[in-house]
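For reference, model13.txt is printed below; it contains compact mmCIF, N, CA and C atoms.
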```txt
# COMPACT_ATOMS: atom_id res chain seq x y z
N MET A 7 0.86 -1.18 0.00
CA MET A 7 0.00 0.00 0.00
C MET A 7 0.91 1.24 0.00
N ASN A 8 0.57 2.19 -0.85
CA ASN A 8 1.36 3.41 -0.98
C ASN A 8 0.85 4.46 0.02
N PHE A 9 1.49 4.50 1.18
CA PHE A 9 1.04 5.40 2.25
C PHE A 9 1.25 6.87 1.88
N ASP A 10 2.29 7.17 1.11
CA ASP A 10 2.51 8.56 0.69
C ASP A 10 1.35 9.06 -0.17
N HIS A 11 0.81 8.17 -0.99
CA HIS A 11 -0.34 8.51 -1.83
C HIS A 11 -1.54 8.89 -0.95
N PHE A 12 -1.79 8.08 0.07
CA PHE A 12 -2.93 8.36 0.95
C PHE A 12 -2.69 9.61 1.79
N ARG A 13 -1.46 9.84 2.20
CA ARG A 13 -1.15 11.07 2.94
C ARG A 13 -1.47 12.29 2.07
N GLU A 14 -1.10 12.21 0.80
CA GLU A 14 -1.37 13.32 -0.13
C GLU A 14 -2.87 13.54 -0.29
N ILE A 15 -3.61 12.46 -0.46
CA ILE A 15 -5.08 12.56 -0.59
C ILE A 15 -5.68 13.22 0.65
N ILE A 16 -5.27 12.75 1.81
CA ILE A 16 -5.81 13.27 3.08
C ILE A 16 -5.46 14.74 3.25
N GLU A 17 -4.22 15.10 2.99
CA GLU A 17 -3.81 16.50 3.16
C GLU A 17 -4.55 17.42 2.19
N LYS A 18 -4.79 16.96 0.96
CA LYS A 18 -5.56 17.77 0.00
C LYS A 18 -6.99 17.96 0.48
N LYS A 19 -7.60 16.90 1.02
CA LYS A 19 -8.97 17.01 1.52
C LYS A 19 -9.03 17.97 2.71
N ILE A 20 -8.04 17.89 3.59
CA ILE A 20 -8.00 18.79 4.75
C ILE A 20 -7.88 20.24 4.28
N THR A 21 -7.01 20.49 3.34
CA THR A 21 -6.83 21.86 2.81
C THR A 21 -8.13 22.37 2.20
N SER A 22 -8.80 21.51 1.43
CA SER A 22 -10.05 21.90 0.79
C SER A 22 -11.13 22.19 1.82
N LEU A 23 -11.27 21.34 2.82
CA LEU A 23 -12.29 21.55 3.85
C LEU A 23 -12.02 22.82 4.66
N GLU A 24 -10.75 23.07 4.97
CA GLU A 24 -10.42 24.29 5.71
C GLU A 24 -10.74 25.54 4.89
N ALA A 25 -10.49 25.48 3.57
CA ALA A 25 -10.82 26.62 2.70
C ALA A 25 -12.33 26.82 2.64
N GLN A 26 -13.09 25.73 2.55
CA GLN A 26 -14.55 25.83 2.53
C GLN A 26 -15.07 26.43 3.83
N SER A 27 -14.44 26.08 4.92
CA SER A 27 -14.84 26.61 6.22
C SER A 27 -14.66 28.12 6.27
N VAL A 28 -13.53 28.59 5.77
CA VAL A 28 -13.27 30.04 5.74
C VAL A 28 -14.28 30.74 4.84
N GLN A 29 -14.56 30.14 3.69
CA GLN A 29 -15.52 30.76 2.75
C GLN A 29 -16.93 30.83 3.34
N GLY A 30 -17.28 29.88 4.19
CA GLY A 30 -18.62 29.85 4.75
C GLY A 30 -18.83 30.70 5.98
N GLU A 31 -17.78 31.39 6.44
CA GLU A 31 -17.90 32.21 7.65
C GLU A 31 -19.00 33.25 7.55
N GLN A 32 -19.10 33.89 6.41
CA GLN A 32 -20.11 34.94 6.25
C GLN A 32 -21.52 34.35 6.30
N ALA A 33 -21.71 33.16 5.73
CA ALA A 33 -23.03 32.53 5.73
C ALA A 33 -23.46 32.13 7.14
N ARG A 34 -22.48 31.89 8.03
CA ARG A 34 -22.79 31.51 9.40
C ARG A 34 -22.90 32.70 10.34
N ALA A 35 -22.65 33.90 9.82
CA ALA A 35 -22.66 35.11 10.65
C ALA A 35 -24.07 35.38 11.18
N VAL A 36 -24.12 36.18 12.22
CA VAL A 36 -25.40 36.55 12.84
C VAL A 36 -26.24 37.33 11.83
N VAL A 37 -27.52 36.98 11.76
CA VAL A 37 -28.44 37.67 10.85
C VAL A 37 -28.93 38.94 11.53
N ALA A 38 -28.82 40.07 10.84
CA ALA A 38 -29.21 41.37 11.40
C ALA A 38 -30.71 41.43 11.65
N LEU A 39 -31.09 42.18 12.68
CA LEU A 39 -32.50 42.32 13.04
C LEU A 39 -33.17 43.50 12.37
N ASP A 40 -32.52 44.16 11.47
CA ASP A 40 -33.04 45.36 10.83
C ASP A 40 -34.25 45.00 9.96
N GLN A 41 -35.46 45.21 10.48
CA GLN A 41 -36.69 44.89 9.76
C GLN A 41 -36.95 45.86 8.61
N GLN A 42 -36.31 47.03 8.63
CA GLN A 42 -36.54 48.00 7.56
C GLN A 42 -35.93 47.53 6.25
N SER A 43 -34.74 46.99 6.31
CA SER A 43 -34.05 46.60 5.07
C SER A 43 -34.33 45.15 4.68
N VAL A 44 -34.75 44.34 5.63
CA VAL A 44 -35.02 42.94 5.34
C VAL A 44 -36.42 42.62 5.83
N GLY A 45 -37.27 42.19 4.93
CA GLY A 45 -38.63 41.83 5.31
C GLY A 45 -38.64 40.56 6.14
N ARG A 46 -39.82 40.26 6.71
CA ARG A 46 -39.96 39.10 7.60
C ARG A 46 -39.62 37.79 6.88
N LEU A 47 -40.12 37.60 5.66
CA LEU A 47 -39.85 36.37 4.92
C LEU A 47 -38.39 36.28 4.51
N SER A 48 -37.82 37.42 4.11
CA SER A 48 -36.41 37.43 3.75
C SER A 48 -35.55 37.08 4.97
N ARG A 49 -35.95 37.58 6.12
CA ARG A 49 -35.21 37.29 7.35
C ARG A 49 -35.32 35.81 7.68
N GLN A 50 -36.50 35.22 7.50
CA GLN A 50 -36.66 33.78 7.75
C GLN A 50 -35.77 32.98 6.80
N ASP A 51 -35.73 33.40 5.55
CA ASP A 51 -34.85 32.74 4.58
C ASP A 51 -33.40 32.84 5.02
N ALA A 52 -33.01 34.03 5.48
CA ALA A 52 -31.63 34.24 5.92
C ALA A 52 -31.31 33.37 7.13
N LEU A 53 -32.26 33.25 8.07
CA LEU A 53 -32.05 32.41 9.25
C LEU A 53 -31.95 30.94 8.85
N GLN A 54 -32.76 30.53 7.89
CA GLN A 54 -32.71 29.14 7.42
C GLN A 54 -31.37 28.87 6.74
N GLN A 55 -30.91 29.79 5.92
CA GLN A 55 -29.62 29.63 5.25
C GLN A 55 -28.49 29.59 6.27
N GLN A 56 -28.60 30.42 7.30
CA GLN A 56 -27.59 30.43 8.35
C GLN A 56 -27.55 29.07 9.06
N ALA A 57 -28.73 28.53 9.37
CA ALA A 57 -28.80 27.23 10.04
C ALA A 57 -28.19 26.13 9.17
N MET A 58 -28.46 26.18 7.87
CA MET A 58 -27.89 25.20 6.96
C MET A 58 -26.37 25.35 6.89
N ALA A 59 -25.89 26.58 6.86
CA ALA A 59 -24.44 26.82 6.82
C ALA A 59 -23.77 26.30 8.09
N LYS A 60 -24.43 26.48 9.23
CA LYS A 60 -23.87 25.97 10.49
C LYS A 60 -23.84 24.44 10.49
N ALA A 61 -24.88 23.81 9.97
CA ALA A 61 -24.92 22.35 9.90
C ALA A 61 -23.82 21.83 8.97
N GLN A 62 -23.61 22.51 7.84
CA GLN A 62 -22.54 22.12 6.93
C GLN A 62 -21.18 22.25 7.61
N GLU A 63 -21.02 23.30 8.39
CA GLU A 63 -19.75 23.50 9.09
C GLU A 63 -19.51 22.39 10.11
N GLN A 64 -20.56 21.98 10.80
CA GLN A 64 -20.41 20.88 11.75
C GLN A 64 -19.97 19.60 11.04
N MET A 65 -20.56 19.33 9.87
CA MET A 65 -20.17 18.15 9.10
C MET A 65 -18.72 18.27 8.63
N ARG A 66 -18.34 19.47 8.19
CA ARG A 66 -16.95 19.71 7.76
C ARG A 66 -15.98 19.46 8.91
N GLN A 67 -16.31 19.98 10.09
CA GLN A 67 -15.44 19.82 11.24
C GLN A 67 -15.31 18.35 11.65
N ARG A 68 -16.42 17.61 11.54
CA ARG A 68 -16.38 16.18 11.85
C ARG A 68 -15.47 15.45 10.85
N GLU A 69 -15.61 15.79 9.57
CA GLU A 69 -14.77 15.16 8.55
C GLU A 69 -13.30 15.55 8.74
N LEU A 70 -13.05 16.82 9.07
CA LEU A 70 -11.67 17.25 9.34
C LEU A 70 -11.06 16.45 10.49
N SER A 71 -11.82 16.25 11.53
CA SER A 71 -11.35 15.49 12.67
C SER A 71 -11.02 14.06 12.26
N GLN A 72 -11.88 13.45 11.47
CA GLN A 72 -11.65 12.08 11.02
C GLN A 72 -10.41 11.99 10.13
N LEU A 73 -10.22 12.98 9.27
CA LEU A 73 -9.04 12.99 8.39
C LEU A 73 -7.76 13.19 9.19
N LYS A 74 -7.80 14.05 10.20
CA LYS A 74 -6.62 14.26 11.04
C LYS A 74 -6.29 13.00 11.83
N GLN A 75 -7.32 12.26 12.24
CA GLN A 75 -7.09 10.98 12.91
C GLN A 75 -6.46 9.98 11.94
N ALA A 76 -6.87 10.04 10.67
CA ALA A 76 -6.28 9.15 9.65
C ALA A 76 -4.80 9.47 9.48
N LEU A 77 -4.44 10.76 9.52
CA LEU A 77 -3.02 11.13 9.46
C LEU A 77 -2.25 10.55 10.65
N GLU A 78 -2.87 10.59 11.82
CA GLU A 78 -2.23 10.01 13.01
C GLU A 78 -2.03 8.51 12.83
N ARG A 79 -3.02 7.83 12.22
CA ARG A 79 -2.89 6.39 11.97
C ARG A 79 -1.78 6.12 10.96
N LEU A 80 -1.62 7.03 9.98
CA LEU A 80 -0.50 6.89 9.05
C LEU A 80 0.83 6.97 9.80
N ASP A 81 0.90 7.89 10.74
CA ASP A 81 2.14 8.08 11.51
C ASP A 81 2.44 6.91 12.45
N ASP A 82 1.38 6.32 13.04
CA ASP A 82 1.64 5.24 14.00
C ASP A 82 1.59 3.84 13.38
N GLY A 83 1.33 3.78 12.06
CA GLY A 83 1.38 2.49 11.37
C GLY A 83 0.09 1.70 11.37
N SER A 84 -1.00 2.26 11.89
CA SER A 84 -2.25 1.52 11.93
C SER A 84 -3.21 1.90 10.80
N PHE A 85 -2.79 2.79 9.90
CA PHE A 85 -3.64 3.21 8.78
C PHE A 85 -3.92 2.02 7.88
N GLY A 86 -5.17 1.89 7.46
CA GLY A 86 -5.54 0.83 6.53
C GLY A 86 -5.87 -0.49 7.19
N LEU A 87 -5.84 -0.53 8.51
CA LEU A 87 -6.20 -1.74 9.23
C LEU A 87 -7.58 -1.55 9.87
N CYS A 88 -8.43 -2.54 9.71
CA CYS A 88 -9.78 -2.49 10.27
C CYS A 88 -9.69 -2.50 11.80
N LYS A 89 -10.42 -1.59 12.43
CA LYS A 89 -10.37 -1.53 13.90
C LYS A 89 -11.17 -2.66 14.53
N GLU A 90 -11.99 -3.35 13.74
CA GLU A 90 -12.78 -4.47 14.26
C GLU A 90 -12.03 -5.80 14.16
N CYS A 91 -11.58 -6.13 12.93
CA CYS A 91 -10.96 -7.44 12.69
C CYS A 91 -9.45 -7.37 12.51
N GLU A 92 -8.91 -6.16 12.41
CA GLU A 92 -7.49 -5.90 12.23
C GLU A 92 -6.92 -6.40 10.90
N GLU A 93 -7.81 -6.71 9.94
CA GLU A 93 -7.38 -7.07 8.59
C GLU A 93 -7.21 -5.78 7.78
N GLU A 94 -6.52 -5.88 6.64
CA GLU A 94 -6.33 -4.70 5.79
C GLU A 94 -7.65 -4.28 5.15
N ILE A 95 -7.86 -2.99 5.09
CA ILE A 95 -9.01 -2.42 4.39
C ILE A 95 -8.62 -2.30 2.92
N ALA A 96 -9.55 -2.63 2.03
CA ALA A 96 -9.27 -2.58 0.59
C ALA A 96 -8.84 -1.17 0.18
N GLU A 97 -7.82 -1.10 -0.68
CA GLU A 97 -7.31 0.19 -1.12
C GLU A 97 -8.39 1.01 -1.83
N LYS A 98 -9.26 0.36 -2.60
CA LYS A 98 -10.32 1.10 -3.29
C LYS A 98 -11.24 1.78 -2.27
N ARG A 99 -11.50 1.10 -1.17
CA ARG A 99 -12.34 1.69 -0.11
C ARG A 99 -11.64 2.90 0.50
N LEU A 100 -10.34 2.78 0.72
CA LEU A 100 -9.57 3.89 1.27
C LEU A 100 -9.46 5.05 0.28
N GLU A 101 -9.44 4.74 -1.01
CA GLU A 101 -9.42 5.80 -2.04
C GLU A 101 -10.68 6.66 -1.93
N ILE A 102 -11.81 5.99 -1.72
CA ILE A 102 -13.09 6.70 -1.63
C ILE A 102 -13.17 7.50 -0.33
N ASN A 103 -12.77 6.86 0.78
CA ASN A 103 -12.81 7.53 2.08
C ASN A 103 -11.58 7.11 2.88
N PRO A 104 -10.52 7.90 2.80
CA PRO A 104 -9.29 7.54 3.50
C PRO A 104 -9.41 7.59 5.03
N ALA A 105 -10.49 8.13 5.53
CA ALA A 105 -10.69 8.21 6.98
C ALA A 105 -11.39 6.96 7.52
N THR A 106 -11.84 6.08 6.64
CA THR A 106 -12.56 4.90 7.10
C THR A 106 -11.67 4.02 7.97
N GLN A 107 -12.29 3.40 8.96
CA GLN A 107 -11.55 2.57 9.90
C GLN A 107 -12.07 1.13 9.92
N ILE A 108 -13.07 0.85 9.09
CA ILE A 108 -13.71 -0.47 9.12
C ILE A 108 -13.75 -1.04 7.70
N CYS A 109 -13.42 -2.32 7.58
CA CYS A 109 -13.48 -2.97 6.27
C CYS A 109 -14.92 -3.28 5.89
N VAL A 110 -15.13 -3.64 4.65
CA VAL A 110 -16.49 -3.91 4.16
C VAL A 110 -17.15 -5.05 4.92
N GLN A 111 -16.39 -6.10 5.19
CA GLN A 111 -16.96 -7.25 5.89
C GLN A 111 -17.48 -6.88 7.28
N CYS A 112 -16.78 -6.02 7.98
CA CYS A 112 -17.19 -5.64 9.33
C CYS A 112 -18.32 -4.60 9.34
N CYS A 113 -18.59 -3.99 8.20
CA CYS A 113 -19.67 -3.00 8.12
C CYS A 113 -21.04 -3.67 8.15
N HIS A 114 -21.06 -4.93 7.77
CA HIS A 114 -22.37 -5.61 7.65
C HIS A 114 -22.69 -6.47 8.83
```

Now, as a test, write the supplied structure out as structure tokens.
Amino acid sequence: MNFDHFREIIEKKITSLEAQSVQGEQARAVVALDQQSVGRLSRQDALQQQAMAKAQEQMRQRELSQLKQALERLDDGSFGLCKECEEEIAEKRLEINPATQICVQCCH
């Protein structure tokens, strides 16, 4: 298994997620209460968009955490091993999600 390849994939995903997080800061910002410039329905739309942006950020942070843990597994030599059965996880599965910790057999 080419661990350098997976390290590169993981680091690119981390960089991308961190950039998306920065870009989404404005969408997660507090919605102004100025009823003069924003009507009630527009404000509700803005609050809904803000809630969606916050939920996306939570998912991004969870994925970032999982990817950083995958980097730690690369460093300690446990990357690519199923945490349930300790067998190797298929490389194709790791290509799709390098943060995965369970092989296909143990998922079912």

Option closest in space to Glu63 (chain A), from A:Ala25, A:Ile102, A:Cys88, A:Val110 [counting only C-alpha atoms]: A:Ala25

task: Go ahead and compute the interatomic distance for atom C of Met7 (chain A) and atom N of Cys112 (chain A), in Å to one decimal.
output: 20.7 Å

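Taking atom N of Glu97 (chain A) as the reference point, CA of Gln64 (chain A) is found at 28.2 Å.
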
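Between Glu69 (chain A) and the candidates A:Asn8, A:Leu87, A:Gln29, A:Ala105, the tightest atom-to-atom separation, counting only N, CA and C atoms, involves A:Ala105.
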
- prompt: Between CA of Asp10 (chain A) and atom N of Asp81 (chain A), what is the distance, to one decimal in Å?
  reply: 10.2 Å

- prompt: Using only C-alpha atoms, which residues sit within 9 Å of Gly30 (chain A) once same-chain residues fewer than 3 positions away are excluded, as a PyMOL selection string?
  reply: chain A and resi 25-27+33-35+59-60+62-63

- prompt: Mind checking DSSP for region 64-114 of chain A and telling me the helix (DSSP H, G or I) residues as a PyMOL selection string?
  reply: chain A and resi 64-82+97-102+110-113
